[in-house]
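Structure data (mmCIF, C-alpha atoms) from start-v8.cif:
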```
data_query
#
loop_
_atom_site.label_atom_id
_atom_site.label_comp_id
_atom_site.auth_asym_id
_atom_site.auth_seq_id
_atom_site.Cartn_x
_atom_site.Cartn_y
_atom_site.Cartn_z
CA MET H 1 0.00 0.00 0.00
CA PHE H 2 2.82 2.34 0.93
CA SER H 3 4.71 1.62 -2.31
CA ARG H 4 1.52 2.18 -4.29
CA LYS H 5 1.18 5.67 -2.77
CA ILE H 6 4.81 6.40 -3.68
CA LEU H 7 4.17 5.36 -7.26
CA ILE H 8 1.06 7.56 -7.49
CA VAL H 9 2.83 10.56 -5.99
CA THR H 10 5.85 10.01 -8.26
CA ALA H 11 3.63 9.78 -11.33
CA MET H 12 1.78 12.96 -10.36
CA THR H 13 5.09 14.78 -9.76
CA MET H 14 6.46 13.72 -13.15
CA ALA H 15 3.26 14.77 -14.90
CA ALA H 16 3.35 18.18 -13.21
CA SER H 17 7.02 18.60 -14.14
CA THR H 18 6.35 17.66 -17.77
CA PHE H 19 3.42 20.08 -17.95
CA ALA H 20 5.53 22.88 -16.49
CA GLN H 21 8.27 22.29 -19.06
CA GLN H 22 5.88 22.43 -22.02
CA PRO H 23 5.59 25.95 -23.49
CA PRO H 24 2.14 27.41 -23.97
CA ALA H 25 0.42 26.34 -27.14
CA ASN H 26 0.67 29.77 -28.67
CA SER H 27 4.27 30.51 -27.61
CA GLN H 28 5.54 29.25 -30.95
CA GLN H 29 3.46 31.86 -32.75
CA PRO H 30 5.54 34.96 -33.47
CA PRO H 31 4.01 38.19 -32.15
CA VAL H 32 2.14 40.15 -34.78
CA LYS H 33 2.79 43.89 -34.79
CA VAL H 34 0.42 46.03 -36.80
CA ASN H 35 1.47 49.55 -37.79
CA VAL H 36 -1.43 51.77 -38.80
CA ILE H 37 -0.26 54.60 -41.06
CA ASN H 38 -2.56 57.60 -41.26
CA VAL H 39 -1.60 58.90 -44.68
CA CYS H 40 -4.26 61.64 -44.71
CA ALA H 41 -3.49 63.17 -41.32
CA PRO H 42 -0.01 62.34 -39.99
CA SER H 43 0.79 63.23 -36.40
CA SER H 44 2.69 66.37 -35.40
CA ASP H 45 5.87 64.33 -34.88
CA GLU H 46 5.51 62.79 -38.34
CA GLN H 47 4.93 66.23 -39.85
CA LYS H 48 8.17 67.45 -38.26
CA GLU H 49 9.98 64.39 -39.62
CA LEU H 50 8.64 64.99 -43.13
CA THR H 51 9.65 68.65 -42.99
CA ALA H 52 13.14 67.83 -41.68
CA ALA H 53 13.72 65.16 -44.33
CA LEU H 54 12.68 67.43 -47.21
CA ALA H 55 14.95 70.18 -45.86
CA LYS H 56 17.94 67.82 -46.29
CA VAL H 57 17.45 67.56 -50.06
CA PRO H 58 20.10 69.70 -51.84
CA GLY H 59 18.55 72.82 -53.32
CA LYS H 60 21.13 73.00 -56.13
CA PRO H 61 22.09 69.38 -56.84
CA VAL H 62 25.60 68.55 -58.00
CA PHE H 63 25.95 65.18 -59.72
CA SER H 64 28.90 62.96 -60.53
CA LYS H 65 29.56 61.77 -64.08
CA ASP H 66 27.72 58.45 -63.62
CA PHE H 67 24.15 58.35 -64.88
CA GLU H 68 21.53 56.05 -66.38
CA VAL H 69 18.66 56.60 -68.82
CA ALA H 70 16.21 53.79 -69.54
CA ARG H 71 12.83 53.38 -71.19
CA GLY H 72 10.42 50.49 -71.52
CA HIS H 73 6.95 49.04 -71.76
CA SER H 74 5.54 46.96 -68.89
CA THR H 75 2.40 44.83 -68.81
CA LEU H 76 0.64 44.28 -65.50
CA ASP H 77 -0.46 40.71 -64.84
CA GLN H 78 -3.97 40.79 -63.36
CA SER H 79 -3.30 37.48 -61.58
CA VAL H 80 -0.60 39.09 -59.40
CA PRO H 81 -2.14 41.19 -56.59
CA ILE H 82 -0.43 44.47 -55.73
CA PRO H 83 -0.89 45.82 -52.18
CA GLY H 84 -2.97 48.98 -52.11
CA MET H 85 -4.16 48.56 -55.70
CA PRO H 86 -7.59 47.15 -56.62
CA ALA H 87 -7.57 43.92 -58.58
CA LEU H 88 -8.06 44.17 -62.32
CA PRO H 89 -11.21 42.64 -63.81
CA ALA H 90 -10.78 39.18 -65.25
CA GLY H 91 -9.46 39.27 -68.80
CA SER H 92 -8.37 42.90 -68.61
CA VAL H 93 -4.86 44.05 -69.48
CA SER H 94 -3.05 47.07 -68.04
CA ALA H 95 0.18 48.34 -69.51
CA ALA H 96 2.37 51.40 -69.14
CA ASP H 97 5.23 53.04 -70.98
CA TRP H 98 7.94 54.58 -68.84
CA VAL H 99 11.17 56.53 -68.80
CA ARG H 100 13.70 56.42 -65.96
CA VAL H 101 16.66 58.68 -65.23
CA ARG H 102 19.22 58.09 -62.46
CA ARG H 103 22.07 60.34 -61.39
CA GLU H 104 24.73 59.79 -58.73
CA PHE H 105 25.71 62.30 -56.05
CA PRO H 106 29.36 62.89 -55.02
CA GLU H 107 30.69 60.55 -52.34
CA ALA H 108 30.59 63.21 -49.62
CA ALA H 109 26.87 63.90 -50.14
CA LEU H 110 24.15 62.68 -47.77
CA PHE H 111 22.28 61.02 -50.65
CA SER H 112 23.89 58.40 -52.85
CA ASN H 113 21.67 58.83 -55.93
CA VAL H 114 18.41 60.25 -57.22
CA GLN H 115 16.04 58.44 -59.56
CA TYR H 116 13.30 60.10 -61.57
CA SER H 117 10.66 58.09 -63.42
CA PHE H 118 7.74 59.05 -65.64
CA SER H 119 5.08 56.49 -66.57
CA VAL H 120 1.97 56.79 -68.71
CA ASP H 121 -0.87 54.34 -69.19
CA SER H 122 -4.35 54.64 -70.70
CA THR H 123 -5.67 56.83 -67.87
CA ASN H 124 -2.83 58.42 -65.87
CA MET H 125 0.63 59.93 -66.05
CA VAL H 126 2.78 59.63 -62.92
CA GLU H 127 6.04 61.32 -61.93
CA THR H 128 8.11 59.81 -59.13
CA LEU H 129 11.30 61.19 -57.61
CA VAL H 130 13.29 58.98 -55.20
CA LEU H 131 16.36 60.12 -53.26
CA ARG H 132 18.31 57.35 -51.51
CA VAL H 133 20.45 57.96 -48.43
CA ARG H 134 24.05 56.74 -48.59
CA GLU H 135 24.31 55.32 -45.03
CA PRO H 136 20.73 54.59 -43.81
CA LYS H 137 21.84 52.78 -40.64
CA ASP H 138 23.58 55.89 -39.39
CA LYS H 139 20.97 58.38 -40.62
CA ASP H 140 17.77 56.41 -39.74
CA LEU H 141 16.27 57.64 -43.02
CA MET H 142 16.57 55.30 -46.01
CA GLU H 143 14.92 57.20 -48.85
CA ILE H 144 12.51 59.99 -49.75
CA SER H 145 9.86 59.41 -52.40
CA ILE H 146 7.84 62.24 -53.98
CA GLU H 147 5.02 61.63 -56.46
CA ASP H 148 2.52 63.55 -58.55
CA SER H 149 0.07 62.54 -61.25
CA ALA H 150 -2.23 63.89 -63.94
CA SER H 151 -4.78 62.61 -66.41
CA ALA H 152 -3.39 60.95 -69.52
CA VAL H 153 -5.73 63.10 -71.63
CA ALA H 154 -2.89 65.64 -71.89
CA SER H 155 0.51 64.89 -73.40
CA ALA H 156 3.65 64.23 -71.39
CA ALA H 157 5.18 67.45 -72.74
CA ALA H 158 2.13 69.41 -71.58
CA MET H 159 2.30 67.93 -68.09
CA LEU H 160 6.03 68.58 -67.79
CA SER H 161 5.64 72.18 -68.94
CA THR H 162 3.56 73.00 -65.86
CA SER H 163 4.14 72.62 -62.12
CA THR H 164 1.94 69.68 -61.15
CA PRO H 165 1.30 69.72 -57.37
CA VAL H 166 2.79 66.79 -55.49
CA SER H 167 0.18 64.30 -54.28
CA ARG H 168 2.28 61.95 -52.13
CA VAL H 169 5.39 62.14 -49.93
CA LYS H 170 6.87 59.03 -48.32
CA LEU H 171 9.82 58.47 -46.00
CA GLU H 172 11.30 54.98 -45.80
CA ARG H 173 13.03 54.59 -42.43
CA PHE H 174 15.55 52.03 -41.25
CA GLY H 175 13.91 49.56 -38.85
CA LYS H 176 10.75 51.65 -38.51
CA ALA H 177 7.41 52.08 -40.22
CA SER H 178 7.18 54.48 -43.14
CA VAL H 179 5.90 58.03 -42.79
CA VAL H 180 3.45 58.97 -45.54
CA LEU H 181 1.44 62.05 -46.46
CA THR H 182 -1.09 61.76 -49.31
CA ARG H 183 -3.68 64.16 -50.66
CA CYS H 184 -7.10 62.81 -49.66
CA ALA H 185 -10.03 64.25 -51.59
CA GLY H 186 -12.72 62.10 -49.99
CA GLY H 187 -15.30 60.04 -51.82
CA GLU H 188 -18.97 59.33 -52.09
CA GLY H 189 -20.44 59.54 -48.60
CA THR H 190 -17.02 60.38 -47.12
CA PRO H 191 -16.15 64.00 -46.34
CA ALA H 192 -12.80 65.32 -47.55
CA THR H 193 -10.03 65.58 -44.96
CA ASN H 194 -8.97 69.10 -44.04
CA GLN H 195 -5.29 69.06 -45.03
CA SER H 196 -4.57 72.80 -44.88
CA ALA H 197 -2.05 72.17 -42.08
CA TYR H 198 0.04 70.02 -44.44
CA GLU H 199 0.23 72.47 -47.34
CA PRO H 200 3.76 73.66 -46.35
CA ILE H 201 4.96 70.05 -46.71
CA PHE H 202 3.24 69.62 -50.08
CA ARG H 203 4.68 72.94 -51.31
CA ALA H 204 8.21 71.98 -50.22
CA ALA H 205 7.90 68.62 -52.00
CA SER H 206 6.50 70.27 -55.14
CA SER H 207 9.43 72.69 -55.17
CA ILE H 208 11.89 69.78 -54.96
CA MET H 209 10.15 67.99 -57.84
CA GLU H 210 10.31 71.18 -59.91
CA ARG H 211 14.04 71.71 -59.28
CA TYR H 212 15.04 68.12 -59.96
CA ARG H 213 12.86 67.90 -63.05
CA ASP H 214 14.98 70.72 -64.46
CA ALA H 215 18.30 69.44 -63.08
CA LEU H 216 17.74 66.00 -64.66
CA GLY H 217 16.58 67.43 -68.00
CA ALA H 218 13.26 65.60 -67.74
CA ARG H 219 11.22 68.21 -69.63
CA ARG H 220 13.18 67.54 -72.80
CA MET H 221 14.27 63.94 -72.29
CA VAL H 222 10.97 62.29 -71.30
CA PRO H 223 8.95 63.31 -74.38
CA GLN H 224 11.85 62.29 -76.63
CA GLU H 225 12.22 58.86 -75.00
CA LEU H 226 8.45 58.24 -75.00
CA ALA H 227 8.36 59.13 -78.69
CA ARG H 228 10.85 56.32 -79.30
CA LEU H 229 8.25 54.01 -77.76
CA GLY H 230 5.56 55.42 -80.00
CA VAL H 231 3.84 57.39 -77.24
CA GLY H 232 2.38 60.71 -78.34
CA THR H 233 3.02 60.05 -82.00
CA ALA H 234 0.39 59.41 -84.63
CA PRO H 235 0.85 58.25 -88.23
CA LYS H 236 0.56 61.01 -90.78
CA ALA H 237 -2.62 61.07 -92.78
CA GLY H 238 -2.20 59.12 -96.00
CA ALA H 239 1.18 57.77 -94.96
CA GLY H 240 2.17 54.86 -97.15
CA SER H 241 -0.30 55.68 -99.92
CA LYS H 242 0.35 57.48 -103.18
CA LYS H 243 -1.27 60.79 -103.95
CA ASN H 244 -3.84 60.86 -106.69
CA PRO H 245 -2.47 62.37 -109.84
#
```

Kindly return the structure encoded in the file as structure tokens.
Amino acid sequence: MFSRKILIVTAMTMAASTFAQQPPANSQQPPVKVNVINVCAPSSDEQKELTAALAKVPGKPVFSKDFEVARGHSTLDQSVPIPGMPALPAGSVSAADWVRVRREFPEAALFSNVQYSFSVDSTNMVETLVLRVREPKDKDLMEISIEDSASAVASAAAMLSTSTPVSRVKLERFGKASVVLTRCAGGEGTPATNQSAYEPIFRAASSIMERYRDALGARRMVPQELARLGVGTAPKAGAGSKKNP
């Protein structure tokens, strides 16, 4: 009887020890951290960060001799979802023609390079300017992205001849969530966000886009490169046919 009690107690002790050593069922699940980015109304700290980052962009850029100019035509596969973009209807095809220019900054500069791209599809034309920081680990900031857009009803030359207001500013940070400011016009049943407090940031970004558009020669280069892709050109009337005598 005594030995039976010992066995029972020993078994209970071993079971308790085994249970204590087992991790909770959900301990193997990595913690999920969700960062909510308010792109329409960033906080005061984020506004200060946006302003400080834009102030670091050289007003009169000096480039090294290295550069790159590229052009191309890209087709979007409707079977591949893109975050933040609505899915294309089945059977539909979306394609865009684009021109990209990249210039390098001198080695002592805060930014390593700047890349400007212009894309046009059947409905929109989009300008994007990206400045990449040389040592992001030391500076916390990785890159600055500035974007504007217009309807594709106009030509690329017409859009580039005017100062299109910037519609989006984004800071990519090292080891942190991005900081984004986007123009929010509101929609059906949704009132527009009052963004008057952010106009100084939009104006500063628009000024940067204007300066770098000129510094990179985009006003002249983009229409020329798009013309090589057949964008903005139309066959002459009667081309390929003989005139009536």

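Among H:Gly175, H:Gly186, H:Gly59, H:Gly217, the residue with the shortest atom-to-atom distance to H:Lys137, counting all atoms listed in the file, is H:Gly175.
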
| How would you write, as a PyMOL selection string, the residues chosen by the PyMOL selection byres ((chain H and resi 70) around 10) on this structure? | chain H and resi 68-69+71-72+98-102+117+225

Contacts of stretch 38-52 of chain H at 6 Å or less, counting only C-alpha atoms, minus same-chain residues fewer than 5 places along, as a PDB file with C-alpha atoms, in the frame of the given file?
```pdb
ATOM      1  CA  VAL H 180       3.450  58.970 -45.540  1.00  0.00           C
ATOM      2  CA  LEU H 181       1.440  62.050 -46.460  1.00  0.00           C
ATOM      3  CA  THR H 182      -1.090  61.760 -49.310  1.00  0.00           C
ATOM      4  CA  CYS H 184      -7.100  62.810 -49.660  1.00  0.00           C
TER       5      CYS H 184
END
```

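Distances from H:Glu107, H:Asp97, H:Asp66, H:Asp121 to H:Val153 were compared using all atoms listed in the file, and the smallest one belongs to H:Asp121.
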
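Note that atom CA of H:Val166 and atom CA of H:Pro58 are 17.9 Å apart.
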
| message | Show me, as a PyMOL selection string, the residues that have an atom within 7 Å of H:Met125 when counting all atoms listed in the file, minus same-chain residues fewer than 2 positions from it. | response | chain H and resi 119-121+127+149-152

| request: Pull out every residue that the PyMOL selection byres ((chain H and resi 222) around 8) matches in the shown coordinates and put them as JSON, numbers by chain. | output: {"H": [99, 118, 156, 157, 218, 219, 220, 221, 223, 224, 225, 226]}

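Here atom CA of H:Ser167 and atom CA of H:Pro136 stand 25.0 Å from one another.
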
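One distance worth recording is that between atom CA of H:Arg228 and atom CA of H:Ala95, which is 16.5 Å.
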
Write a file for stretch 85-233 of chain H, containing C-alpha atoms (output as a PDB file, in the first residue's frame).
```pdb
ATOM      1  CA  MET H  85      -4.158  48.562 -55.699  1.00  0.00           C
ATOM      2  CA  PRO H  86      -7.592  47.147 -56.619  1.00  0.00           C
ATOM      3  CA  ALA H  87      -7.570  43.917 -58.579  1.00  0.00           C
ATOM      4  CA  LEU H  88      -8.062  44.171 -62.317  1.00  0.00           C
ATOM      5  CA  PRO H  89     -11.213  42.641 -63.807  1.00  0.00           C
ATOM      6  CA  ALA H  90     -10.775  39.180 -65.254  1.00  0.00           C
ATOM      7  CA  GLY H  91      -9.460  39.265 -68.803  1.00  0.00           C
ATOM      8  CA  SER H  92      -8.372  42.900 -68.607  1.00  0.00           C
ATOM      9  CA  VAL H  93      -4.863  44.053 -69.480  1.00  0.00           C
ATOM     10  CA  SER H  94      -3.055  47.067 -68.042  1.00  0.00           C
ATOM     11  CA  ALA H  95       0.179  48.338 -69.511  1.00  0.00           C
ATOM     12  CA  ALA H  96       2.369  51.401 -69.142  1.00  0.00           C
ATOM     13  CA  ASP H  97       5.232  53.036 -70.980  1.00  0.00           C
ATOM     14  CA  TRP H  98       7.941  54.577 -68.837  1.00  0.00           C
ATOM     15  CA  VAL H  99      11.169  56.531 -68.803  1.00  0.00           C
ATOM     16  CA  ARG H 100      13.696  56.417 -65.964  1.00  0.00           C
ATOM     17  CA  VAL H 101      16.662  58.678 -65.230  1.00  0.00           C
ATOM     18  CA  ARG H 102      19.223  58.094 -62.463  1.00  0.00           C
ATOM     19  CA  ARG H 103      22.073  60.337 -61.395  1.00  0.00           C
ATOM     20  CA  GLU H 104      24.735  59.788 -58.728  1.00  0.00           C
ATOM     21  CA  PHE H 105      25.713  62.301 -56.055  1.00  0.00           C
ATOM     22  CA  PRO H 106      29.358  62.886 -55.024  1.00  0.00           C
ATOM     23  CA  GLU H 107      30.692  60.552 -52.338  1.00  0.00           C
ATOM     24  CA  ALA H 108      30.586  63.208 -49.620  1.00  0.00           C
ATOM     25  CA  ALA H 109      26.867  63.905 -50.138  1.00  0.00           C
ATOM     26  CA  LEU H 110      24.151  62.683 -47.771  1.00  0.00           C
ATOM     27  CA  PHE H 111      22.280  61.019 -50.646  1.00  0.00           C
ATOM     28  CA  SER H 112      23.888  58.399 -52.855  1.00  0.00           C
ATOM     29  CA  ASN H 113      21.666  58.834 -55.925  1.00  0.00           C
ATOM     30  CA  VAL H 114      18.413  60.252 -57.224  1.00  0.00           C
ATOM     31  CA  GLN H 115      16.040  58.443 -59.559  1.00  0.00           C
ATOM     32  CA  TYR H 116      13.296  60.103 -61.570  1.00  0.00           C
ATOM     33  CA  SER H 117      10.661  58.095 -63.422  1.00  0.00           C
ATOM     34  CA  PHE H 118       7.742  59.049 -65.638  1.00  0.00           C
ATOM     35  CA  SER H 119       5.084  56.491 -66.570  1.00  0.00           C
ATOM     36  CA  VAL H 120       1.967  56.788 -68.713  1.00  0.00           C
ATOM     37  CA  ASP H 121      -0.873  54.337 -69.189  1.00  0.00           C
ATOM     38  CA  SER H 122      -4.355  54.641 -70.701  1.00  0.00           C
ATOM     39  CA  THR H 123      -5.666  56.833 -67.867  1.00  0.00           C
ATOM     40  CA  ASN H 124      -2.826  58.424 -65.870  1.00  0.00           C
ATOM     41  CA  MET H 125       0.633  59.934 -66.046  1.00  0.00           C
ATOM     42  CA  VAL H 126       2.775  59.632 -62.916  1.00  0.00           C
ATOM     43  CA  GLU H 127       6.039  61.322 -61.928  1.00  0.00           C
ATOM     44  CA  THR H 128       8.109  59.811 -59.132  1.00  0.00           C
ATOM     45  CA  LEU H 129      11.300  61.187 -57.613  1.00  0.00           C
ATOM     46  CA  VAL H 130      13.288  58.980 -55.203  1.00  0.00           C
ATOM     47  CA  LEU H 131      16.362  60.116 -53.261  1.00  0.00           C
ATOM     48  CA  ARG H 132      18.307  57.347 -51.510  1.00  0.00           C
ATOM     49  CA  VAL H 133      20.453  57.956 -48.434  1.00  0.00           C
ATOM     50  CA  ARG H 134      24.050  56.737 -48.587  1.00  0.00           C
ATOM     51  CA  GLU H 135      24.308  55.318 -45.026  1.00  0.00           C
ATOM     52  CA  PRO H 136      20.733  54.590 -43.814  1.00  0.00           C
ATOM     53  CA  LYS H 137      21.845  52.782 -40.640  1.00  0.00           C
ATOM     54  CA  ASP H 138      23.578  55.894 -39.390  1.00  0.00           C
ATOM     55  CA  LYS H 139      20.974  58.378 -40.625  1.00  0.00           C
ATOM     56  CA  ASP H 140      17.773  56.409 -39.735  1.00  0.00           C
ATOM     57  CA  LEU H 141      16.273  57.636 -43.023  1.00  0.00           C
ATOM     58  CA  MET H 142      16.572  55.304 -46.013  1.00  0.00           C
ATOM     59  CA  GLU H 143      14.922  57.199 -48.851  1.00  0.00           C
ATOM     60  CA  ILE H 144      12.509  59.990 -49.752  1.00  0.00           C
ATOM     61  CA  SER H 145       9.861  59.409 -52.403  1.00  0.00           C
ATOM     62  CA  ILE H 146       7.839  62.238 -53.983  1.00  0.00           C
ATOM     63  CA  GLU H 147       5.021  61.630 -56.463  1.00  0.00           C
ATOM     64  CA  ASP H 148       2.517  63.550 -58.547  1.00  0.00           C
ATOM     65  CA  SER H 149       0.066  62.538 -61.253  1.00  0.00           C
ATOM     66  CA  ALA H 150      -2.232  63.887 -63.943  1.00  0.00           C
ATOM     67  CA  SER H 151      -4.784  62.608 -66.409  1.00  0.00           C
ATOM     68  CA  ALA H 152      -3.388  60.948 -69.519  1.00  0.00           C
ATOM     69  CA  VAL H 153      -5.726  63.100 -71.626  1.00  0.00           C
ATOM     70  CA  ALA H 154      -2.891  65.640 -71.891  1.00  0.00           C
ATOM     71  CA  SER H 155       0.506  64.889 -73.395  1.00  0.00           C
ATOM     72  CA  ALA H 156       3.655  64.228 -71.389  1.00  0.00           C
ATOM     73  CA  ALA H 157       5.177  67.449 -72.740  1.00  0.00           C
ATOM     74  CA  ALA H 158       2.126  69.414 -71.575  1.00  0.00           C
ATOM     75  CA  MET H 159       2.301  67.928 -68.094  1.00  0.00           C
ATOM     76  CA  LEU H 160       6.029  68.582 -67.792  1.00  0.00           C
ATOM     77  CA  SER H 161       5.644  72.178 -68.939  1.00  0.00           C
ATOM     78  CA  THR H 162       3.557  73.001 -65.857  1.00  0.00           C
ATOM     79  CA  SER H 163       4.139  72.620 -62.125  1.00  0.00           C
ATOM     80  CA  THR H 164       1.942  69.685 -61.151  1.00  0.00           C
ATOM     81  CA  PRO H 165       1.298  69.721 -57.369  1.00  0.00           C
ATOM     82  CA  VAL H 166       2.786  66.790 -55.494  1.00  0.00           C
ATOM     83  CA  SER H 167       0.179  64.302 -54.277  1.00  0.00           C
ATOM     84  CA  ARG H 168       2.276  61.953 -52.126  1.00  0.00           C
ATOM     85  CA  VAL H 169       5.392  62.142 -49.934  1.00  0.00           C
ATOM     86  CA  LYS H 170       6.873  59.031 -48.324  1.00  0.00           C
ATOM     87  CA  LEU H 171       9.822  58.470 -45.997  1.00  0.00           C
ATOM     88  CA  GLU H 172      11.304  54.981 -45.798  1.00  0.00           C
ATOM     89  CA  ARG H 173      13.029  54.587 -42.429  1.00  0.00           C
ATOM     90  CA  PHE H 174      15.553  52.027 -41.253  1.00  0.00           C
ATOM     91  CA  GLY H 175      13.905  49.559 -38.854  1.00  0.00           C
ATOM     92  CA  LYS H 176      10.748  51.650 -38.508  1.00  0.00           C
ATOM     93  CA  ALA H 177       7.408  52.078 -40.221  1.00  0.00           C
ATOM     94  CA  SER H 178       7.183  54.475 -43.144  1.00  0.00           C
ATOM     95  CA  VAL H 179       5.903  58.034 -42.791  1.00  0.00           C
ATOM     96  CA  VAL H 180       3.454  58.975 -45.540  1.00  0.00           C
ATOM     97  CA  LEU H 181       1.443  62.048 -46.462  1.00  0.00           C
ATOM     98  CA  THR H 182      -1.095  61.761 -49.307  1.00  0.00           C
ATOM     99  CA  ARG H 183      -3.677  64.162 -50.657  1.00  0.00           C
ATOM    100  CA  CYS H 184      -7.095  62.809 -49.663  1.00  0.00           C
ATOM    101  CA  ALA H 185     -10.033  64.255 -51.594  1.00  0.00           C
ATOM    102  CA  GLY H 186     -12.724  62.099 -49.993  1.00  0.00           C
ATOM    103  CA  GLY H 187     -15.301  60.036 -51.824  1.00  0.00           C
ATOM    104  CA  GLU H 188     -18.972  59.334 -52.092  1.00  0.00           C
ATOM    105  CA  GLY H 189     -20.443  59.538 -48.602  1.00  0.00           C
ATOM    106  CA  THR H 190     -17.021  60.375 -47.119  1.00  0.00           C
ATOM    107  CA  PRO H 191     -16.154  63.997 -46.337  1.00  0.00           C
ATOM    108  CA  ALA H 192     -12.804  65.318 -47.546  1.00  0.00           C
ATOM    109  CA  THR H 193     -10.029  65.582 -44.959  1.00  0.00           C
ATOM    110  CA  ASN H 194      -8.968  69.097 -44.041  1.00  0.00           C
ATOM    111  CA  GLN H 195      -5.293  69.064 -45.032  1.00  0.00           C
ATOM    112  CA  SER H 196      -4.570  72.797 -44.875  1.00  0.00           C
ATOM    113  CA  ALA H 197      -2.045  72.170 -42.080  1.00  0.00           C
ATOM    114  CA  TYR H 198       0.039  70.016 -44.441  1.00  0.00           C
ATOM    115  CA  GLU H 199       0.231  72.469 -47.336  1.00  0.00           C
ATOM    116  CA  PRO H 200       3.756  73.661 -46.353  1.00  0.00           C
ATOM    117  CA  ILE H 201       4.956  70.049 -46.715  1.00  0.00           C
ATOM    118  CA  PHE H 202       3.242  69.625 -50.080  1.00  0.00           C
ATOM    119  CA  ARG H 203       4.682  72.940 -51.305  1.00  0.00           C
ATOM    120  CA  ALA H 204       8.207  71.984 -50.219  1.00  0.00           C
ATOM    121  CA  ALA H 205       7.902  68.620 -52.001  1.00  0.00           C
ATOM    122  CA  SER H 206       6.496  70.272 -55.145  1.00  0.00           C
ATOM    123  CA  SER H 207       9.434  72.694 -55.169  1.00  0.00           C
ATOM    124  CA  ILE H 208      11.885  69.781 -54.960  1.00  0.00           C
ATOM    125  CA  MET H 209      10.149  67.993 -57.840  1.00  0.00           C
ATOM    126  CA  GLU H 210      10.313  71.177 -59.910  1.00  0.00           C
ATOM    127  CA  ARG H 211      14.037  71.709 -59.278  1.00  0.00           C
ATOM    128  CA  TYR H 212      15.045  68.122 -59.963  1.00  0.00           C
ATOM    129  CA  ARG H 213      12.855  67.903 -63.051  1.00  0.00           C
ATOM    130  CA  ASP H 214      14.983  70.723 -64.457  1.00  0.00           C
ATOM    131  CA  ALA H 215      18.303  69.437 -63.085  1.00  0.00           C
ATOM    132  CA  LEU H 216      17.741  66.003 -64.659  1.00  0.00           C
ATOM    133  CA  GLY H 217      16.581  67.426 -68.000  1.00  0.00           C
ATOM    134  CA  ALA H 218      13.262  65.597 -67.744  1.00  0.00           C
ATOM    135  CA  ARG H 219      11.222  68.212 -69.631  1.00  0.00           C
ATOM    136  CA  ARG H 220      13.176  67.536 -72.805  1.00  0.00           C
ATOM    137  CA  MET H 221      14.269  63.939 -72.286  1.00  0.00           C
ATOM    138  CA  VAL H 222      10.973  62.291 -71.297  1.00  0.00           C
ATOM    139  CA  PRO H 223       8.946  63.314 -74.380  1.00  0.00           C
ATOM    140  CA  GLN H 224      11.854  62.288 -76.628  1.00  0.00           C
ATOM    141  CA  GLU H 225      12.220  58.856 -75.002  1.00  0.00           C
ATOM    142  CA  LEU H 226       8.454  58.244 -74.999  1.00  0.00           C
ATOM    143  CA  ALA H 227       8.358  59.128 -78.694  1.00  0.00           C
ATOM    144  CA  ARG H 228      10.854  56.319 -79.301  1.00  0.00           C
ATOM    145  CA  LEU H 229       8.250  54.010 -77.755  1.00  0.00           C
ATOM    146  CA  GLY H 230       5.560  55.424 -80.003  1.00  0.00           C
ATOM    147  CA  VAL H 231       3.841  57.390 -77.245  1.00  0.00           C
ATOM    148  CA  GLY H 232       2.376  60.707 -78.335  1.00  0.00           C
ATOM    149  CA  THR H 233       3.021  60.050 -82.000  1.00  0.00           C
TER     150      THR H 233
END
```
